[in-house]
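Step one of this worksheet: look at the structure below.
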Amino acid sequence: MSSSPSILPIAIYHEHPDWFRPLFAELDARGIPYERLDAAAHVFDPSETEARWSLAFNRASPSAYLRGHGQTTFYTLHWLRHLERLGVPIVNGVQAYSNELSKATQLDLLQSLGLPYPKSRVINHASQAVAAAEGLRYPVLVKANVGGSGAGIVKYESREALEAAVAAGTVDLGVDGTALVQEAAPLRNGHITRVETLNGKYLYAINVYPAVGSFDLCPADACQTTSGAELVRGACAIDAPKSGMRVERADPPAEIIAQVERISQAAGIDVGGIEYLVDDRDGQHYFYDVNALSNFVADAVNVIGFDPFAKLVDYLEERAGLVTTAAS
């Protein structure tokens with residue numbers, strides 16, 4: 001989109017071709033100047049001394065390697081640090097993205113905050129998986145440290161099954177050679193809860209009912225509500241297959257909302273989603289995923305009653321200095 005020479009555009013740095021179409025539509029509708037940057041084919045000049053954008057919005061995803069764009073994952077950190085040196089304000093900057101890239105770092109963050117998470121160990125070689133699972137209740141999950149859209153998660157029902165996988169050489173630790181070995185809790189009422197935050201504050205929450213055997217909980221991929229109503233998946237490819245995932249609006253207890261806000265603020269996440277489950281064995285909640293990439297739920301107006309992209313663009317306008325706080 002073209003911009004006025006007197007107004008620096010907002011940089012929207014993204015790799016997924018479809019997730020952010022509603023964002024661009026909202027920006028276009030308001031006439032906000034922005035520039036789309038392809039995170040999968042990008043270049044920057046370390047000798048730069050002046051900012052080219054009023055704001056940079058980092059939308060890079062750890063799951064880029066699933067689309068043949070693994071080169072974006074760690075390159076993005078270098079570019080974000082470059083922007084920091086130039087003094088460009090960043091939405092989901094180095095701190096947020098560093099947490100997004102590491103499930104191990106997320107657990108350390110939760111531990112530092114004194115918040116509950118499933119019992120876990122971190123390994124850097126498949127040979128350590130069985131020993132790491134000692135003291136954990138089966139089934140266990142082996143989760144690639146750099147994940148995204150449920151990728152790199154395998155459930156093992158027993159020690160014998162995990163031992164067989166290690167012996168067969170089929171335990172994959174992912175792109176950085178690091179993985180979690182984590183208890184797989186039975187989900188109370190068959191769902192997890194994802195709480196979205198904006199500017200460190202609660203935005204909305206949804207219960208997500210995954211398809212049987214699936215770990216893909218991307219809210220933009222949801223295809224129907226719990227009542228069976230079909231959702232218009234405007235953020236996904238038109239020909240994307242139906243996932244079988246169901247969603248509904250959720251209203252978490254105030255205590256959990258406060259904990260989610262603490263996580264978001266401590267992780268430096270400007271916009272993101274925190275996921276938790278309730279273990280059916282003890283009835284307690286456990287946080288297990290901290291996402292600095294938020295696609296928002298499909299057909300949000302029909303699920304949660306409002307359009308979160310409108311609130312997101314309000315926030316971007318304010319951060320970019322296009323409106324004052326009093327007017328926003």
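Ordering of the structure tokens sets the chain letters (A, B, ...); residue numbers start at 1 within each chain; ligands are numbered from 1 in the order shown.
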**Message:** What's around A:Ile206 at 7 Å? Count only C-alpha atoms, leave out sequence neighbours fewer than 5 positions away in its own chain, and write the answer as a PyMOL selection string.
**Reply:** chain A and resi 193-195+247-250
**Request:** With a distance cut-off of 6 Å and only C-alpha atoms, select the neighbouring residues of A:Leu180, excluding the residue or stretch itself and same-chain residues fewer than 6 positions from it, and output the selection as a PyMOL selection string.
**Result:** chain A and resi 121-122+142-143
Selection near A:Val271, 12 Å with only C-alpha atoms, sequence-local residues under 3 positions removed, as an mmCIF file with N, CA, C and O atoms, in the first residue's frame:
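The new file part.cif reads:
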data_model
loop_
_atom_site.group_PDB
_atom_site.id
_atom_site.type_symbol
_atom_site.label_atom_id
_atom_site.label_comp_id
_atom_site.auth_asym_id
_atom_site.auth_seq_id
_atom_site.Cartn_x
_atom_site.Cartn_y
_atom_site.Cartn_z
ATOM 1 N N PHE A 57 5.538 -4.569 13.007
ATOM 2 C CA PHE A 57 4.672 -5.594 13.603
ATOM 3 C C PHE A 57 5.218 -6.954 13.183
ATOM 4 O O PHE A 57 5.142 -7.331 12.012
ATOM 5 N N ASN A 58 5.787 -7.665 14.134
ATOM 6 C CA ASN A 58 6.395 -8.964 13.860
ATOM 7 C C ASN A 58 5.345 -10.063 13.877
ATOM 8 O O ASN A 58 4.789 -10.377 14.927
ATOM 9 N N ARG A 59 5.093 -10.660 12.730
ATOM 10 C CA ARG A 59 4.136 -11.740 12.599
ATOM 11 C C ARG A 59 4.802 -13.031 12.143
ATOM 12 O O ARG A 59 4.150 -13.916 11.579
ATOM 13 N N ILE A 90 8.543 -1.863 18.141
ATOM 14 C CA ILE A 90 8.213 -3.182 17.603
ATOM 15 C C ILE A 90 7.075 -3.791 18.400
ATOM 16 O O ILE A 90 7.115 -3.804 19.641
ATOM 17 N N VAL A 91 6.071 -4.282 17.711
ATOM 18 C CA VAL A 91 5.016 -5.076 18.331
ATOM 19 C C VAL A 91 5.470 -6.533 18.271
ATOM 20 O O VAL A 91 5.709 -7.068 17.193
ATOM 21 N N ASN A 92 5.606 -7.145 19.434
ATOM 22 C CA ASN A 92 6.161 -8.490 19.583
ATOM 23 C C ASN A 92 7.615 -8.522 19.121
ATOM 24 O O ASN A 92 7.966 -9.119 18.103
ATOM 25 N N GLY A 93 8.439 -7.839 19.895
ATOM 26 C CA GLY A 93 9.847 -7.702 19.583
ATOM 27 C C GLY A 93 10.701 -8.859 20.050
ATOM 28 O O GLY A 93 10.232 -9.996 20.170
ATOM 29 N N ALA A 96 9.524 -11.024 23.184
ATOM 30 C CA ALA A 96 8.342 -11.834 22.888
ATOM 31 C C ALA A 96 8.680 -12.964 21.934
ATOM 32 O O ALA A 96 8.274 -14.111 22.136
ATOM 33 N N TYR A 97 9.424 -12.639 20.879
ATOM 34 C CA TYR A 97 9.731 -13.652 19.866
ATOM 35 C C TYR A 97 10.666 -14.726 20.431
ATOM 36 O O TYR A 97 10.540 -15.905 20.087
ATOM 37 N N GLU A 100 8.490 -17.032 22.151
ATOM 38 C CA GLU A 100 7.715 -17.788 21.165
ATOM 39 C C GLU A 100 8.513 -18.951 20.603
ATOM 40 O O GLU A 100 7.957 -20.017 20.323
ATOM 41 N N VAL A 195 -6.494 -18.039 25.880
ATOM 42 C CA VAL A 195 -6.827 -16.682 26.305
ATOM 43 C C VAL A 195 -5.978 -15.707 25.497
ATOM 44 O O VAL A 195 -4.744 -15.767 25.542
ATOM 45 N N GLU A 196 -6.635 -14.838 24.757
ATOM 46 C CA GLU A 196 -5.924 -13.848 23.945
ATOM 47 C C GLU A 196 -5.725 -12.569 24.746
ATOM 48 O O GLU A 196 -6.613 -12.134 25.488
ATOM 49 N N THR A 197 -4.545 -11.968 24.564
ATOM 50 C CA THR A 197 -4.240 -10.709 25.230
ATOM 51 C C THR A 197 -3.795 -9.676 24.204
ATOM 52 O O THR A 197 -3.231 -10.009 23.161
ATOM 53 N N LEU A 198 -4.038 -8.429 24.528
ATOM 54 C CA LEU A 198 -3.607 -7.300 23.710
ATOM 55 C C LEU A 198 -3.071 -6.232 24.649
ATOM 56 O O LEU A 198 -3.755 -5.855 25.604
ATOM 57 N N ASN A 199 -1.832 -5.804 24.395
ATOM 58 C CA ASN A 199 -1.182 -4.823 25.260
ATOM 59 C C ASN A 199 -1.133 -5.316 26.710
ATOM 60 O O ASN A 199 -1.296 -4.545 27.651
ATOM 61 N N GLY A 200 -0.925 -6.621 26.866
ATOM 62 C CA GLY A 200 -0.782 -7.210 28.187
ATOM 63 C C GLY A 200 -2.065 -7.388 28.962
ATOM 64 O O GLY A 200 -2.035 -7.773 30.130
ATOM 65 N N LYS A 201 -3.213 -7.134 28.317
ATOM 66 C CA LYS A 201 -4.499 -7.232 28.992
ATOM 67 C C LYS A 201 -5.407 -8.243 28.299
ATOM 68 O O LYS A 201 -5.286 -8.494 27.103
ATOM 69 N N TYR A 202 -6.325 -8.787 29.058
ATOM 70 C CA TYR A 202 -7.287 -9.773 28.546
ATOM 71 C C TYR A 202 -8.092 -9.195 27.386
ATOM 72 O O TYR A 202 -8.594 -8.074 27.455
ATOM 73 N N LEU A 203 -8.211 -9.980 26.315
ATOM 74 C CA LEU A 203 -9.013 -9.579 25.162
ATOM 75 C C LEU A 203 -10.246 -10.472 25.036
ATOM 76 O O LEU A 203 -11.366 -9.986 24.985
ATOM 77 N N TYR A 204 -10.044 -11.785 24.981
ATOM 78 C CA TYR A 204 -11.149 -12.739 24.963
ATOM 79 C C TYR A 204 -10.581 -14.134 25.209
ATOM 80 O O TYR A 204 -9.354 -14.316 25.253
ATOM 81 N N GLU A 261 -2.473 -12.464 32.251
ATOM 82 C CA GLU A 261 -1.939 -11.117 32.041
ATOM 83 C C GLU A 261 -0.521 -11.001 32.585
ATOM 84 O O GLU A 261 0.344 -10.350 31.972
ATOM 85 N N ILE A 263 1.649 -13.445 32.697
ATOM 86 C CA ILE A 263 2.498 -14.162 31.742
ATOM 87 C C ILE A 263 2.782 -13.294 30.522
ATOM 88 O O ILE A 263 3.932 -13.144 30.088
ATOM 89 N N SER A 264 1.728 -12.713 29.976
ATOM 90 C CA SER A 264 1.868 -11.890 28.778
ATOM 91 C C SER A 264 2.814 -10.725 29.021
ATOM 92 O O SER A 264 3.705 -10.436 28.198
ATOM 93 N N GLN A 265 2.658 -10.055 30.137
ATOM 94 C CA GLN A 265 3.505 -8.903 30.441
ATOM 95 C C GLN A 265 4.943 -9.327 30.710
ATOM 96 O O GLN A 265 5.888 -8.668 30.251
ATOM 97 N N ALA A 267 6.470 -11.894 29.521
ATOM 98 C CA ALA A 267 7.062 -12.396 28.280
ATOM 99 C C ALA A 267 7.275 -11.291 27.253
ATOM 100 O O ALA A 267 7.851 -11.544 26.194
ATOM 101 N N GLY A 268 6.811 -10.081 27.544
ATOM 102 C CA GLY A 268 6.955 -8.985 26.598
ATOM 103 C C GLY A 268 6.057 -9.109 25.389
ATOM 104 O O GLY A 268 6.353 -8.558 24.324
ATOM 105 N N ILE A 274 -2.335 -17.273 25.374
ATOM 106 C CA ILE A 274 -1.816 -18.183 26.398
ATOM 107 C C ILE A 274 -2.795 -19.345 26.519
ATOM 108 O O ILE A 274 -3.998 -19.124 26.692
ATOM 109 N N VAL A 290 2.750 -20.565 25.365
ATOM 110 C CA VAL A 290 2.766 -19.101 25.381
ATOM 111 C C VAL A 290 3.033 -18.648 23.951
ATOM 112 O O VAL A 290 4.136 -18.845 23.432
ATOM 113 N N ASN A 291 2.032 -18.072 23.314
ATOM 114 C CA ASN A 291 2.118 -17.736 21.894
ATOM 115 C C ASN A 291 2.232 -16.231 21.690
ATOM 116 O O ASN A 291 1.331 -15.481 22.061
ATOM 117 N N ALA A 292 3.327 -15.811 21.044
ATOM 118 C CA ALA A 292 3.457 -14.408 20.667
ATOM 119 C C ALA A 292 2.899 -14.182 19.268
ATOM 120 O O ALA A 292 2.942 -13.062 18.768
ATOM 121 N N LEU A 293 2.396 -15.224 18.648
ATOM 122 C CA LEU A 293 1.737 -15.087 17.350
ATOM 123 C C LEU A 293 0.265 -15.398 17.568
ATOM 124 O O LEU A 293 -0.079 -16.480 18.026
ATOM 125 N N SER A 294 -0.591 -14.450 17.251
ATOM 126 C CA SER A 294 -2.021 -14.660 17.457
ATOM 127 C C SER A 294 -2.759 -14.432 16.158
ATOM 128 O O SER A 294 -2.698 -13.359 15.569
ATOM 129 N N ASN A 295 -3.448 -15.475 15.686
ATOM 130 C CA ASN A 295 -4.198 -15.384 14.432
ATOM 131 C C ASN A 295 -5.649 -14.995 14.663
ATOM 132 O O ASN A 295 -6.358 -14.673 13.722
ATOM 133 N N PHE A 296 -6.094 -15.090 15.907
ATOM 134 C CA PHE A 296 -7.484 -14.867 16.305
ATOM 135 C C PHE A 296 -8.388 -15.974 15.761
ATOM 136 O O PHE A 296 -8.112 -16.605 14.749
ATOM 137 N N PRO A 308 -11.813 -8.874 16.830
ATOM 138 C CA PRO A 308 -10.575 -8.502 17.523
ATOM 139 C C PRO A 308 -9.594 -7.765 16.625
ATOM 140 O O PRO A 308 -8.734 -7.026 17.113
ATOM 141 N N PHE A 309 -9.709 -7.938 15.295
ATOM 142 C CA PHE A 309 -8.797 -7.223 14.406
ATOM 143 C C PHE A 309 -9.019 -5.715 14.483
ATOM 144 O O PHE A 309 -8.075 -4.930 14.318
ATOM 145 N N LYS A 311 -9.823 -4.040 17.216
ATOM 146 C CA LYS A 311 -9.126 -3.609 18.431
ATOM 147 C C LYS A 311 -7.609 -3.661 18.229
ATOM 148 O O LYS A 311 -6.872 -2.798 18.735
ATOM 149 N N LEU A 312 -7.145 -4.661 17.479
ATOM 150 C CA LEU A 312 -5.719 -4.760 17.197
ATOM 151 C C LEU A 312 -5.245 -3.543 16.399
ATOM 152 O O LEU A 312 -4.203 -2.953 16.716
ATOM 153 N N VAL A 313 -5.987 -3.152 15.384
ATOM 154 C CA VAL A 313 -5.575 -2.009 14.571
ATOM 155 C C VAL A 313 -5.681 -0.713 15.364
ATOM 156 O O VAL A 313 -4.869 0.206 15.182
ATOM 157 N N TYR A 315 -4.854 -0.504 18.387
ATOM 158 C CA TYR A 315 -3.594 -0.560 19.137
ATOM 159 C C TYR A 315 -2.412 -0.181 18.243
ATOM 160 O O TYR A 315 -1.519 0.583 18.654
ATOM 161 N N LEU A 316 -2.395 -0.710 17.012
ATOM 162 C CA LEU A 316 -1.304 -0.390 16.092
ATOM 163 C C LEU A 316 -1.269 1.103 15.778
ATOM 164 O O LEU A 316 -0.194 1.708 15.714
#
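Distance check against A:Leu110 using only C-alpha atoms: of A:Leu86, A:Ile10, A:Phe287, A:Gly321, the minimum falls on A:Phe287.
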**Asked** Which parts of stretch 245-290 of chain A does DSSP call strand (DSSP E) when run on the backbone here, written out as a ChimeraX atom specification?
**Response** /A:246-249,271-279,285-290
Take the residues from that selection and put them in a file with N, CA, C and O atoms, as a compact mmCIF listing (two decimals), in the first residue's frame.
# COMPACT_ATOMS: atom_id res chain seq x y z
N ARG A 246 -13.44 -27.76 16.96
CA ARG A 246 -14.63 -26.99 17.35
C ARG A 246 -14.24 -25.97 18.41
O ARG A 246 -13.36 -26.22 19.22
N VAL A 247 -14.93 -24.83 18.39
CA VAL A 247 -14.61 -23.78 19.36
C VAL A 247 -15.88 -23.18 19.94
O VAL A 247 -16.97 -23.29 19.37
N GLU A 248 -15.71 -22.55 21.10
CA GLU A 248 -16.80 -21.81 21.73
C GLU A 248 -16.19 -20.70 22.59
O GLU A 248 -15.02 -20.79 23.00
N ARG A 249 -16.97 -19.68 22.84
CA ARG A 249 -16.51 -18.62 23.73
C ARG A 249 -16.32 -19.19 25.13
O ARG A 249 -17.08 -20.05 25.58
N VAL A 271 0.75 -8.80 21.64
CA VAL A 271 -0.48 -9.48 21.23
C VAL A 271 -0.16 -10.96 21.11
O VAL A 271 0.80 -11.36 20.47
N GLY A 272 -0.96 -11.78 21.79
CA GLY A 272 -0.67 -13.22 21.78
C GLY A 272 -1.73 -14.01 22.51
O GLY A 272 -2.72 -13.45 23.00
N GLY A 273 -1.51 -15.31 22.58
CA GLY A 273 -2.47 -16.20 23.22
C GLY A 273 -1.78 -17.14 24.18
O GLY A 273 -0.76 -17.75 23.85
N ILE A 274 -2.34 -17.27 25.37
CA ILE A 274 -1.82 -18.18 26.40
C ILE A 274 -2.80 -19.35 26.52
O ILE A 274 -4.00 -19.12 26.69
N GLU A 275 -2.29 -20.57 26.43
CA GLU A 275 -3.16 -21.74 26.47
C GLU A 275 -2.97 -22.51 27.78
O GLU A 275 -1.86 -22.66 28.27
N TYR A 276 -4.12 -22.99 28.30
CA TYR A 276 -4.05 -23.83 29.48
C TYR A 276 -5.06 -24.96 29.36
O TYR A 276 -6.00 -24.90 28.55
N LEU A 277 -4.84 -25.98 30.14
CA LEU A 277 -5.76 -27.12 30.20
C LEU A 277 -6.12 -27.36 31.65
O LEU A 277 -5.44 -26.90 32.57
N VAL A 278 -7.22 -28.06 31.85
CA VAL A 278 -7.59 -28.53 33.18
C VAL A 278 -7.41 -30.04 33.17
O VAL A 278 -8.04 -30.76 32.38
N ASP A 279 -6.50 -30.52 34.02
CA ASP A 279 -6.19 -31.94 34.11
C ASP A 279 -7.37 -32.67 34.76
O ASP A 279 -7.74 -32.36 35.90
N HIS A 285 -5.72 -26.37 36.83
CA HIS A 285 -5.34 -25.84 35.53
C HIS A 285 -3.82 -25.78 35.41
O HIS A 285 -3.11 -25.57 36.40
N TYR A 286 -3.33 -25.96 34.18
CA TYR A 286 -1.90 -25.93 33.90
C TYR A 286 -1.67 -25.17 32.59
O TYR A 286 -2.28 -25.50 31.57
N PHE A 287 -0.79 -24.19 32.61
CA PHE A 287 -0.43 -23.48 31.39
C PHE A 287 0.59 -24.32 30.63
O PHE A 287 1.50 -24.90 31.24
N TYR A 288 0.46 -24.37 29.32
CA TYR A 288 1.39 -25.20 28.57
C TYR A 288 1.89 -24.56 27.27
O TYR A 288 2.78 -25.11 26.62
N ASP A 289 1.36 -23.40 26.88
CA ASP A 289 1.84 -22.78 25.65
C ASP A 289 1.68 -21.27 25.74
O ASP A 289 0.62 -20.77 26.15
N VAL A 290 2.75 -20.57 25.36
CA VAL A 290 2.77 -19.10 25.38
C VAL A 290 3.03 -18.65 23.95
O VAL A 290 4.14 -18.84 23.43
